[in-house]
>>> print(open('query-v9.txt').read())   # compact mmCIF, C-alpha atoms
# COMPACT_ATOMS: atom_id res chain seq x y z
CA MET A 1 30.27 71.83 -50.95
CA ARG A 2 32.48 71.01 -48.05
CA MET A 3 29.87 72.11 -45.51
CA ARG A 4 27.10 69.89 -46.96
CA ARG A 5 29.45 66.96 -47.07
CA ALA A 6 30.49 67.49 -43.45
CA ARG A 7 26.86 67.45 -42.35
CA ARG A 8 26.26 64.15 -44.20
CA MET A 9 29.30 62.62 -42.50
CA ARG A 10 27.69 63.03 -39.10
CA GLY A 11 25.57 60.17 -37.69
CA ALA A 12 25.08 57.04 -39.78
CA ASP A 13 27.57 58.06 -42.44
CA LEU A 14 30.48 58.33 -40.00
CA PRO A 15 33.24 55.78 -40.67
CA GLY A 16 32.45 52.46 -38.86
CA ALA A 17 28.99 53.57 -37.71
CA GLY A 18 27.26 50.86 -39.79
CA ARG A 19 29.35 48.16 -38.16
CA VAL A 20 28.54 49.50 -34.66
CA ALA A 21 24.84 49.57 -35.42
CA ARG A 22 24.91 46.01 -36.74
CA ARG A 23 26.80 44.82 -33.61
CA ALA A 24 24.24 46.47 -31.35
CA ALA A 25 21.40 44.84 -33.25
CA VAL A 26 23.03 41.40 -32.95
CA ALA A 27 23.57 41.91 -29.21
CA VAL A 28 19.92 42.82 -28.68
CA ALA A 29 18.81 39.80 -30.68
CA LEU A 30 21.04 37.47 -28.66
CA ALA A 31 19.77 38.92 -25.39
CA GLY A 32 16.21 38.27 -26.55
CA LEU A 33 17.06 34.65 -27.39
CA LEU A 34 18.71 34.11 -24.02
CA LEU A 35 15.70 35.47 -22.16
CA THR A 36 13.38 33.25 -24.19
CA ALA A 37 15.49 30.17 -23.45
CA CYS A 38 15.44 30.91 -19.72
CA ASP A 39 11.67 31.15 -19.86
CA GLY A 40 11.52 27.72 -21.50
CA GLY A 41 9.74 28.89 -24.67
CA GLY A 42 10.84 29.65 -28.20
CA GLY A 43 11.39 33.08 -29.75
CA ALA A 44 9.27 34.39 -32.59
CA LYS A 45 10.85 35.41 -35.91
CA SER A 46 10.96 39.13 -36.54
CA ASP A 47 10.48 40.89 -39.86
CA GLY A 48 11.53 44.20 -38.35
CA LYS A 49 7.97 45.24 -37.53
CA GLN A 50 6.46 45.55 -34.06
CA ALA A 51 4.40 42.37 -33.24
CA THR A 52 2.16 41.40 -30.33
CA LYS A 53 3.49 38.18 -28.77
CA SER A 54 1.30 35.48 -27.15
CA PRO A 55 2.33 34.94 -23.54
CA ALA A 56 4.58 32.03 -22.71
CA SER A 57 3.60 29.74 -19.85
CA VAL A 58 5.32 30.31 -16.50
CA ILE A 59 5.22 27.38 -14.05
CA THR A 60 5.46 27.88 -10.30
CA VAL A 61 5.76 25.12 -7.68
CA LYS A 62 4.93 25.41 -4.00
CA PRO A 63 6.42 24.72 -1.53
CA GLY A 64 9.42 26.35 -3.15
CA SER A 65 12.89 24.95 -3.54
CA GLY A 66 14.59 27.68 -1.49
CA GLY A 67 16.75 27.18 1.56
CA THR A 68 13.85 26.57 3.97
CA ALA A 69 12.70 22.95 4.25
CA ALA A 70 9.02 22.27 3.59
CA SER A 71 6.82 21.05 6.41
CA PRO A 72 5.72 17.40 6.61
CA GLY A 73 2.04 17.16 5.77
CA ASP A 74 2.09 19.97 3.19
CA LYS A 75 0.58 19.47 -0.25
CA VAL A 76 2.31 20.24 -3.53
CA THR A 77 0.73 22.92 -5.73
CA VAL A 78 1.77 23.53 -9.34
CA ARG A 79 0.43 26.54 -11.25
CA SER A 80 0.79 27.68 -14.84
CA SER A 81 0.19 31.28 -15.88
CA GLY A 82 -0.27 31.92 -19.56
CA GLY A 83 -0.94 28.28 -20.41
CA ARG A 84 -2.42 24.92 -19.41
CA LEU A 85 -0.64 22.19 -17.49
CA LEU A 86 -0.06 19.02 -19.47
CA ASP A 87 1.31 16.62 -16.86
CA ILE A 88 2.93 16.64 -13.43
CA ARG A 89 5.11 13.99 -11.84
CA VAL A 90 6.15 14.04 -8.21
CA SER A 91 8.60 11.31 -7.22
CA ALA A 92 10.78 10.32 -4.30
CA PRO A 93 12.80 7.23 -3.37
CA ASP A 94 10.70 4.25 -2.26
CA THR A 95 7.45 5.95 -3.29
CA ASP A 96 4.90 4.14 -5.46
CA GLU A 97 2.47 6.88 -6.38
CA PHE A 98 2.03 10.58 -5.62
CA GLY A 99 -1.39 11.49 -6.94
CA GLY A 100 -3.17 14.78 -7.43
CA SER A 101 -5.93 16.53 -9.34
CA LEU A 102 -6.05 19.23 -12.01
CA SER A 103 -8.39 22.21 -11.85
CA ALA A 104 -11.11 22.58 -14.48
CA ASP A 105 -9.26 25.43 -16.22
CA GLY A 106 -6.06 23.37 -16.40
CA HIS A 107 -3.98 26.00 -14.62
CA THR A 108 -3.58 24.44 -11.14
CA TRP A 109 -2.61 20.96 -9.98
CA THR A 110 -2.88 20.07 -6.28
CA SER A 111 -1.50 16.86 -4.83
CA SER A 112 -3.79 14.52 -2.95
CA ALA A 113 -0.73 12.99 -1.31
CA LEU A 114 1.08 14.77 1.50
CA LEU A 115 4.79 15.40 1.88
CA ALA A 116 6.61 12.96 4.15
CA PRO A 117 9.27 14.14 6.60
CA ALA A 118 13.00 14.10 5.78
CA THR A 119 12.39 13.35 2.10
CA LYS A 120 13.65 14.88 -1.15
CA TYR A 121 11.02 15.08 -3.89
CA THR A 122 11.53 15.78 -7.57
CA VAL A 123 8.76 17.67 -9.37
CA VAL A 124 8.61 17.69 -13.17
CA ALA A 125 5.81 19.77 -14.70
CA ARG A 126 4.98 20.49 -18.33
CA ALA A 127 2.65 23.17 -19.63
CA LYS A 128 1.62 24.53 -23.01
CA GLY A 129 1.50 28.31 -23.32
CA ALA A 130 -0.87 30.45 -25.34
CA ASP A 131 2.02 30.82 -27.79
CA GLY A 132 1.69 27.10 -28.53
CA LYS A 133 5.08 26.24 -27.05
CA THR A 134 5.71 23.64 -24.35
CA VAL A 135 7.52 24.59 -21.18
CA THR A 136 9.07 22.10 -18.72
CA ARG A 137 9.89 22.98 -15.13
CA ARG A 138 11.97 20.66 -12.96
CA THR A 139 12.53 21.42 -9.31
CA THR A 140 13.13 19.70 -5.98
CA ILE A 141 11.41 19.95 -2.61
CA ALA A 142 13.16 18.92 0.60
CA THR A 143 11.12 18.41 3.76
CA ALA A 144 12.05 18.87 7.40
CA ARG A 145 12.46 16.09 9.90
CA ALA A 146 9.60 15.21 12.23
CA ARG A 147 9.49 14.31 15.90
CA GLY A 148 8.88 10.71 14.87
CA THR A 149 7.77 8.56 11.94
CA PHE A 150 5.62 5.47 11.50
CA VAL A 151 5.07 2.80 8.87
CA GLY A 152 2.41 0.18 8.27
CA GLU A 153 3.30 -3.44 7.55
CA TYR A 154 0.74 -4.51 4.95
CA SER A 155 -0.56 -7.92 4.01
CA PRO A 156 -0.96 -9.62 1.57
CA GLU A 157 2.09 -8.90 -0.56
CA LYS A 158 2.09 -7.18 -3.94
CA GLY A 159 1.19 -9.45 -6.81
CA SER A 160 0.19 -12.39 -4.61
CA THR A 161 -2.71 -14.79 -5.07
CA VAL A 162 -4.57 -15.42 -1.83
CA GLY A 163 -7.52 -17.35 -0.48
CA VAL A 164 -11.05 -16.01 -0.07
CA GLY A 165 -10.56 -15.43 3.68
CA MET A 166 -7.57 -13.09 3.41
CA PRO A 167 -8.37 -9.58 4.68
CA VAL A 168 -6.38 -6.50 3.78
CA SER A 169 -4.34 -5.85 6.92
CA VAL A 170 -2.01 -3.06 8.05
CA VAL A 171 -0.04 -3.36 11.32
CA PHE A 172 1.66 -0.20 12.59
CA ASN A 173 5.07 0.00 14.22
CA LYS A 174 4.01 2.96 16.40
CA PRO A 175 0.82 3.58 18.39
CA VAL A 176 -1.84 5.33 16.30
CA ARG A 177 -3.52 8.01 18.38
CA ASP A 178 -5.42 9.65 15.53
CA LYS A 179 -6.94 6.58 13.93
CA ALA A 180 -9.40 8.60 11.85
CA ALA A 181 -6.59 10.59 10.19
CA VAL A 182 -4.77 7.39 9.27
CA GLU A 183 -7.86 5.52 8.09
CA ARG A 184 -8.80 8.39 5.75
CA ARG A 185 -5.55 7.80 3.87
CA LEU A 186 -6.26 4.11 3.24
CA ALA A 187 -8.44 2.94 0.34
CA VAL A 188 -9.42 -0.43 -1.12
CA THR A 189 -10.95 -0.88 -4.56
CA THR A 190 -12.04 -4.15 -6.14
CA SER A 191 -13.02 -5.57 -9.50
CA PRO A 192 -15.81 -6.58 -9.50
CA HIS A 193 -17.04 -4.10 -6.89
CA VAL A 194 -17.43 -5.46 -3.36
CA ASP A 195 -18.72 -3.57 -0.33
CA GLY A 196 -16.27 -3.77 2.54
CA ALA A 197 -15.20 -1.91 5.67
CA TRP A 198 -12.15 -1.11 7.78
CA SER A 199 -12.08 -2.03 11.46
CA TRP A 200 -9.40 -1.45 14.10
CA VAL A 201 -8.15 -4.41 16.12
CA LYS A 202 -5.34 -5.06 18.54
CA ASP A 203 -2.82 -7.33 16.89
CA HIS A 204 -1.56 -10.40 18.75
CA SER A 205 1.78 -8.58 19.03
CA GLY A 206 0.05 -5.77 20.94
CA ARG A 207 0.40 -3.28 18.07
CA ASP A 208 -2.36 -1.23 16.48
CA ARG A 209 -3.81 -2.84 13.37
CA VAL A 210 -6.56 -2.03 10.90
CA ASP A 211 -8.13 -4.66 8.61
CA TYR A 212 -10.47 -4.41 5.63
CA ARG A 213 -12.86 -7.17 4.69
CA PRO A 214 -16.21 -7.62 2.91
CA ARG A 215 -19.35 -8.88 4.68
CA LYS A 216 -18.65 -12.43 3.49
CA PHE A 217 -15.61 -14.16 2.05
CA TRP A 218 -14.20 -12.69 -1.16
CA THR A 219 -15.49 -14.09 -4.44
CA SER A 220 -12.93 -16.15 -6.29
CA GLY A 221 -11.35 -14.13 -9.11
CA THR A 222 -11.68 -10.73 -7.43
CA GLU A 223 -8.88 -8.22 -8.10
CA VAL A 224 -8.07 -6.09 -5.05
CA THR A 225 -6.05 -2.87 -4.86
CA LEU A 226 -4.88 -1.26 -1.62
CA ARG A 227 -3.68 2.34 -1.71
CA MET A 228 -1.73 3.53 1.33
CA ALA A 229 -1.31 7.31 1.18
CA LEU A 230 0.28 7.58 4.61
CA SER A 231 3.09 9.99 3.77
CA GLY A 232 2.74 13.20 5.75
CA VAL A 233 -0.12 11.92 7.91
CA ASP A 234 0.14 12.83 11.59
CA ALA A 235 -0.86 9.78 13.62
CA GLY A 236 -0.83 11.96 16.74
CA GLY A 237 1.83 13.80 18.67
CA GLY A 238 3.83 14.80 15.60
CA VAL A 239 4.52 11.23 14.45
CA TYR A 240 4.24 11.28 10.65
CA GLY A 241 3.79 8.53 8.09
CA THR A 242 6.31 7.99 5.31
CA GLN A 243 4.63 5.55 2.90
CA GLN A 244 2.99 5.83 -0.50
CA ARG A 245 2.09 2.30 -1.57
CA VAL A 246 -0.09 0.69 -4.22
CA VAL A 247 -0.63 -3.02 -3.50
CA ARG A 248 -2.52 -5.23 -5.93
CA PHE A 249 -3.40 -8.87 -5.34
CA HIS A 250 -5.68 -11.56 -6.74
CA VAL A 251 -8.20 -13.81 -4.98
CA GLY A 252 -7.77 -17.41 -6.09
CA HIS A 253 -9.91 -20.53 -5.73
CA ALA A 254 -12.29 -20.78 -2.79
CA VAL A 255 -10.61 -23.48 -0.69
CA VAL A 256 -12.64 -23.65 2.52
CA SER A 257 -12.04 -26.18 5.30
CA THR A 258 -14.26 -27.08 8.26
CA VAL A 259 -13.03 -28.95 11.34
CA ASP A 260 -15.76 -30.60 13.42
CA ALA A 261 -14.31 -31.15 16.89
CA ASP A 262 -17.17 -33.48 17.82
CA ARG A 263 -16.93 -35.68 14.74
CA LYS A 264 -13.13 -35.30 14.62
CA THR A 265 -13.12 -34.66 10.89
CA MET A 266 -11.92 -31.99 8.51
CA THR A 267 -13.90 -31.41 5.31
CA VAL A 268 -12.08 -29.57 2.53
CA ARG A 269 -14.07 -27.91 -0.26
CA GLN A 270 -12.84 -26.13 -3.38
CA ASP A 271 -15.27 -23.79 -5.15
CA GLY A 272 -18.11 -25.49 -3.29
CA LYS A 273 -17.13 -29.06 -4.18
CA VAL A 274 -16.02 -31.48 -1.44
CA LEU A 275 -12.48 -32.66 -2.17
CA ARG A 276 -11.93 -34.86 0.88
CA THR A 277 -13.08 -35.47 4.46
CA LEU A 278 -10.09 -36.31 6.66
CA PRO A 279 -10.02 -37.93 10.11
CA VAL A 280 -8.30 -35.61 12.60
CA SER A 281 -7.54 -35.11 16.27
CA SER A 282 -8.04 -31.63 17.73
CA GLY A 283 -7.33 -30.20 21.19
CA LYS A 284 -8.01 -32.32 24.24
CA PRO A 285 -9.89 -31.04 27.31
CA GLY A 286 -8.06 -28.06 28.77
CA TYR A 287 -6.24 -27.47 25.48
CA GLU A 288 -9.17 -27.18 23.09
CA THR A 289 -8.56 -25.88 19.58
CA TRP A 290 -9.84 -22.35 19.05
CA ASN A 291 -13.42 -22.24 17.85
CA GLY A 292 -14.38 -20.06 14.89
CA THR A 293 -12.77 -19.10 11.59
CA MET A 294 -9.01 -18.76 11.24
CA VAL A 295 -7.00 -18.10 8.09
CA VAL A 296 -3.87 -19.78 6.73
CA LEU A 297 -0.90 -17.54 7.62
CA GLU A 298 2.02 -19.61 6.37
CA LYS A 299 3.09 -23.11 5.35
CA VAL A 300 6.25 -24.77 6.62
CA PRO A 301 7.35 -28.24 5.41
CA SER A 302 9.12 -28.91 8.73
CA ILE A 303 9.17 -26.99 11.99
CA ARG A 304 10.31 -27.42 15.61
CA MET A 305 7.48 -27.21 18.15
CA ASN A 306 8.53 -26.43 21.69
CA SER A 307 5.73 -26.12 24.27
CA ARG A 308 7.68 -23.47 26.17
CA THR A 309 6.94 -21.00 23.37
CA VAL A 310 3.20 -21.34 24.10
CA GLY A 311 3.48 -21.48 27.89
CA ILE A 312 3.11 -25.22 28.43
CA PHE A 313 5.45 -26.70 31.04
CA GLY A 314 5.60 -29.70 33.36
CA PRO A 315 4.08 -33.09 32.50
CA GLU A 316 2.40 -31.71 29.37
CA ALA A 317 5.60 -30.18 27.98
CA TYR A 318 6.94 -31.28 24.61
CA ASN A 319 9.81 -30.46 22.26
CA LEU A 320 9.32 -31.92 18.79
CA GLY A 321 12.25 -31.31 16.50
CA SER A 322 10.68 -31.95 13.10
CA VAL A 323 6.92 -31.60 12.73
CA LYS A 324 5.99 -32.15 9.08
CA TRP A 325 3.58 -30.31 6.80
CA ALA A 326 2.75 -27.53 9.23
CA VAL A 327 0.06 -25.02 8.20
CA ARG A 328 -0.10 -22.09 10.64
CA LEU A 329 -3.51 -20.65 11.55
CA THR A 330 -2.63 -18.30 14.43
CA PRO A 331 0.50 -16.57 15.74
CA SER A 332 -0.38 -18.01 19.15
CA GLY A 333 0.60 -21.46 17.87
CA THR A 334 -2.39 -23.14 16.20
CA PHE A 335 -1.36 -25.39 13.30
CA VAL A 336 -2.74 -28.11 11.10
CA HIS A 337 0.08 -30.65 10.84
CA ALA A 338 1.14 -34.27 10.65
CA ALA A 339 0.98 -35.98 14.07
CA PRO A 340 2.08 -39.61 13.60
CA TRP A 341 2.49 -40.00 17.40
CA ASN A 342 -1.34 -39.74 17.64
CA ALA A 343 -1.99 -42.31 14.89
CA GLY A 344 -4.64 -44.20 16.85
CA LYS A 345 -6.60 -41.07 17.71
CA PHE A 346 -7.50 -39.62 14.29
CA GLY A 347 -11.27 -39.63 13.91
CA ARG A 348 -11.67 -41.10 17.41
CA VAL A 349 -10.08 -38.98 20.16
CA ASN A 350 -9.13 -35.34 20.54
CA GLY A 351 -5.64 -35.61 21.98
CA SER A 352 -3.58 -32.57 20.90
CA HIS A 353 -2.52 -29.43 22.76
CA GLY A 354 -4.67 -27.23 20.53
CA CYS A 355 -3.48 -28.05 17.01
CA VAL A 356 -5.33 -30.12 14.42
CA GLY A 357 -3.34 -33.30 13.82
CA MET A 358 -3.67 -35.93 11.11
CA SER A 359 -1.69 -38.66 9.41
CA ALA A 360 1.46 -37.75 7.50
CA SER A 361 -0.12 -38.59 4.15
CA ASP A 362 -3.28 -36.59 4.85
CA ALA A 363 -1.24 -33.66 6.20
CA ARG A 364 0.89 -33.64 3.07
CA TRP A 365 -2.22 -33.63 0.89
CA PHE A 366 -3.76 -30.76 2.88
CA PHE A 367 -0.46 -28.84 2.77
CA GLY A 368 -0.48 -29.07 -1.04
CA HIS A 369 -4.07 -27.87 -1.43
CA VAL A 370 -4.23 -24.79 0.81
CA HIS A 371 -2.67 -21.37 0.37
CA LEU A 372 -2.21 -18.11 2.22
CA GLY A 373 -5.63 -16.70 3.08
CA ASP A 374 -7.65 -19.90 2.89
CA PRO A 375 -10.16 -20.04 5.77
CA VAL A 376 -10.30 -22.92 8.24
CA THR A 377 -13.38 -22.94 10.48
CA VAL A 378 -13.53 -24.99 13.68
CA VAL A 379 -16.98 -25.87 15.05
CA HIS A 380 -18.10 -27.52 18.30
CA SER A 381 -14.98 -26.49 20.21
CA LYS A 382 -14.46 -23.85 22.94
CA ASP A 383 -13.47 -20.17 23.10
CA THR A 384 -13.68 -18.28 19.82
CA VAL A 385 -10.36 -17.07 18.48
CA ALA A 386 -9.76 -13.32 18.92
CA GLU A 387 -9.84 -11.21 15.75
CA GLY A 388 -6.26 -10.04 16.39
CA ASN A 389 -4.90 -13.58 16.82
CA GLY A 390 -4.15 -14.05 13.15
CA TYR A 391 -7.13 -13.10 11.02
CA GLY A 392 -10.06 -13.91 13.23
CA ASP A 393 -11.94 -11.01 11.61
CA TRP A 394 -14.66 -13.30 10.27
CA ASN A 395 -15.87 -14.14 13.77
CA VAL A 396 -17.15 -10.56 14.23
CA ASP A 397 -20.67 -9.86 12.99
CA TRP A 398 -20.95 -7.29 10.20
CA ALA A 399 -22.57 -4.51 12.23
CA THR A 400 -19.94 -4.77 14.96
CA TRP A 401 -17.18 -4.92 12.38
CA ARG A 402 -18.30 -1.72 10.68
CA ALA A 403 -18.63 0.01 14.04
CA GLY A 404 -14.91 -0.68 14.56
CA SER A 405 -14.03 1.90 11.91
CA ALA A 406 -12.66 5.18 13.25
CA LEU A 407 -14.84 6.93 10.68
CA SER A 408 -18.12 5.23 11.57
>>> encode(input="query-v9.txt", output="structure tokens")
Amino acid sequence: MRMRRARRMRGADLPGAGRVARRAAVAVALAGLLLTACDGGGGAKSDGKQATKSPASVITVKPGSGGTAASPGDKVTVRSSGGRLLDIRVSAPDTDEFGGSLSADGHTWTSSALLAPATKYTVVARAKGADGKTVTRRTTIATARARGTFVGEYSPEKGSTVGVGMPVSVVFNKPVRDKAAVERRLAVTTSPHVDGAWSWVKDHSGRDRVDYRPRKFWTSGTEVTLRMALSGVDAGGGVYGTQQRVVRFHVGHAVVSTVDADRKTMTVRQDGKVLRTLPVSSGKPGYETWNGTMVVLEKVPSIRMNSRTVGIFGPEAYNLGSVKWAVRLTPSGTFVHAAPWNAGKFGRVNGSHGCVGMSASDARWFFGHVHLGDPVTVVHSKDTVAEGNGYGDWNVDWATWRAGSALS
């Protein structure tokens, strides 16, 4: 009797053995929960029987977030094993949009945007595993510095309403050696659809510039979107772009003005209807107003005009402290403005130093009816304005304009 009892006391019937077994089971269960939490999925309930589990999704992001900085110009790749990706967001300070595309099987997302130098990106990815549970992965990517960086100054501004002559324009703060690489990362879409083209010009400031315009003036009411995916683009010599921009603007009424230097008149039309024909005085011999189409760049109620700033000295020099209702057409100094000192010349004599002058009342009326991007075309004058002197783009025929693309 004692021997049989001793044998039963061994193993599970030893004092405290049940408590030890229960503690071990709890520890194993907790370890399983911790592992599941680290993987981002939920644990399945157990009834004590062996069960086959559906795989949880595991998300990987490249470049990784280790100690080595990613290279400028790299793409971001997000992969999900054991599940499908739901959404991916890549963000960084001062970045509008970081787009990408998802593979057909839903397992791989690859960015269309490139990584800019010296930037810290946050990547948030969500995926749904075969087990039906959602996993979220959040990581950061830091990029290395580059030899140099560049940006593009775009026009018009976000959310603006512009005239039918306003091109999309990007002026670069550094020389662009690889124009094709930069142009590939610029895109314009419109509603309704309009065929247009990019063309490279030399800005009046001497900087590289690329403009986009349609064959003819925009149609009033067109919605235009510029996408600048310049981050990570090598413009040549290791000089990388840093910008991701989405710029939307609206084309307003078609306000089109024509200055006839022979007749000394300006005819202003809105949506095809003549509003007024104004008597004017344009540039006198030797100082003729630029011929061709220019575009309104800015409006200033009062401005100082000093001839030294445009290289006029000696007997023809002037320094006018308060010129009213000034509408700038070129950065080289062409304005439409009030010129009361030429009151007897309007409609009779061309007597300015290249500007289009008119009475104070007419100038105020014109100032109130034109906006940024409205075209002003001068006919019967001399020397066509250069495309880089303001927006003289419209003076280039369509075939030549398209040939100015680096991708043509």
>>> closest_residue(input="query-v9.txt", among="A:Ser81, A:Gln270, A:Ser199, A:Ser332", to="Ala403 in chain A", atoms="all atoms listed in the file")
A:Ser199
>>> closest_residue(input="query-v9.txt", among="A:Ser322, A:Thr225, A:Thr219, A:Thr110", to="Ser155 in chain A", atoms="all atoms listed in the file")
A:Thr225
>>> residues_around(input="query-v9.txt", residues="Leu329 in chain A", least_positions_apart="5", cutoff="7 Å", atoms="all atoms listed in the file", output="PyMOL selection string")
chain A and resi 294-297+334-335+390
>>> write_last_selection(input="query-v9.txt", atoms="C-alpha atoms", output="tab-separated table (two decimals), in the frame of the given file")
chain	number	residue	atom	x	y	z
A	294	MET	CA	-9.01	-18.76	11.24
A	295	VAL	CA	-7.00	-18.10	8.09
A	296	VAL	CA	-3.87	-19.78	6.73
A	297	LEU	CA	-0.90	-17.54	7.62
A	334	THR	CA	-2.39	-23.14	16.20
A	335	PHE	CA	-1.36	-25.39	13.30
A	390	GLY	CA	-4.15	-14.05	13.15
>>> residues_around(input="query-v9.txt", residues="His371 in chain A", least_positions_apart="2", cutoff="10 Å", atoms="only C-alpha atoms", output="number ranges by chain")
A: 161-164, 252-253, 255, 295-299, 327, 366-369, 373-375
>>> atom_distance(input="query-v9.txt", atom1="CA of Thr119 in chain A", atom2="CA of Leu226 in chain A")
22.9 Å
>>> atom_distance(input="query-v9.txt", atom1="CA of Ala363 in chain A", atom2="CA of Trp394 in chain A")
24.7 Å
>>> atom_distance(input="query-v9.txt", atom1="CA of Ala130 in chain A", atom2="CA of Ser57 in chain A")
7.1 Å
>>> closest_residue(input="query-v9.txt", among="A:Val379, A:Ala180, A:Val78, A:Val246", to="Ser282 in chain A", atoms="all atoms listed in the file")
A:Val379
>>> residues_around(input="query-v9.txt", residues="Val171 in chain A", least_positions_apart="4", cutoff="9 Å", atoms="all atoms listed in the file", output="JSON, numbers by chain")
{"A": [151, 152, 153, 154, 155, 203, 207, 208, 209, 210, 211]}
>>> closest_residue(input="query-v9.txt", among="A:Thr77, A:Gln244, A:Thr330, A:Ser361", to="Glu387 in chain A", atoms="only C-alpha atoms")
A:Thr330
>>> closest_residue(input="query-v9.txt", among="A:Val170, A:Val233, A:Val268, A:Ala118", to="Lys75 in chain A", atoms="all atoms listed in the file")
A:Val233
>>> build_atoms(input="query-v9.txt", residues="range 383-389 of chain A", atoms="all heavy atoms", output="compact mmCIF listing (two decimals), keeping the file's coordinate frame")
# COMPACT_ATOMS: atom_id res chain seq x y z
N ASP A 383 -14.18 -21.45 23.14
CA ASP A 383 -13.47 -20.17 23.10
C ASP A 383 -13.13 -19.74 21.67
O ASP A 383 -12.17 -20.24 21.07
CB ASP A 383 -12.19 -20.23 23.94
CG ASP A 383 -12.48 -20.50 25.41
OD1 ASP A 383 -13.57 -20.12 25.88
OD2 ASP A 383 -11.62 -21.10 26.07
N THR A 384 -13.90 -18.79 21.18
CA THR A 384 -13.68 -18.28 19.82
C THR A 384 -12.38 -17.51 19.74
O THR A 384 -12.05 -16.70 20.61
CB THR A 384 -14.85 -17.37 19.40
OG1 THR A 384 -16.06 -18.13 19.46
CG2 THR A 384 -14.65 -16.83 18.00
N VAL A 385 -11.64 -17.74 18.68
CA VAL A 385 -10.36 -17.07 18.48
C VAL A 385 -10.57 -15.56 18.37
O VAL A 385 -11.55 -15.10 17.77
CB VAL A 385 -9.66 -17.63 17.21
CG1 VAL A 385 -10.46 -17.33 15.95
CG2 VAL A 385 -8.24 -17.10 17.09
N ALA A 386 -9.67 -14.79 18.98
CA ALA A 386 -9.76 -13.32 18.92
C ALA A 386 -9.44 -12.83 17.52
O ALA A 386 -8.63 -13.43 16.80
CB ALA A 386 -8.80 -12.69 19.93
N GLU A 387 -10.06 -11.72 17.11
CA GLU A 387 -9.84 -11.21 15.75
C GLU A 387 -8.39 -10.82 15.50
O GLU A 387 -7.91 -10.87 14.36
CB GLU A 387 -10.77 -10.03 15.42
CG GLU A 387 -10.66 -8.84 16.33
CD GLU A 387 -11.70 -8.87 17.44
OE1 GLU A 387 -11.99 -9.95 17.99
OE2 GLU A 387 -12.22 -7.78 17.77
N GLY A 388 -7.66 -10.43 16.56
CA GLY A 388 -6.26 -10.04 16.39
C GLY A 388 -5.28 -11.18 16.44
O GLY A 388 -4.09 -11.00 16.18
N ASN A 389 -5.75 -12.39 16.76
CA ASN A 389 -4.90 -13.58 16.82
C ASN A 389 -4.90 -14.22 15.44
O ASN A 389 -5.63 -15.16 15.16
CB ASN A 389 -5.41 -14.55 17.88
CG ASN A 389 -4.45 -15.71 18.11
OD1 ASN A 389 -3.32 -15.72 17.63
ND2 ASN A 389 -4.90 -16.70 18.87
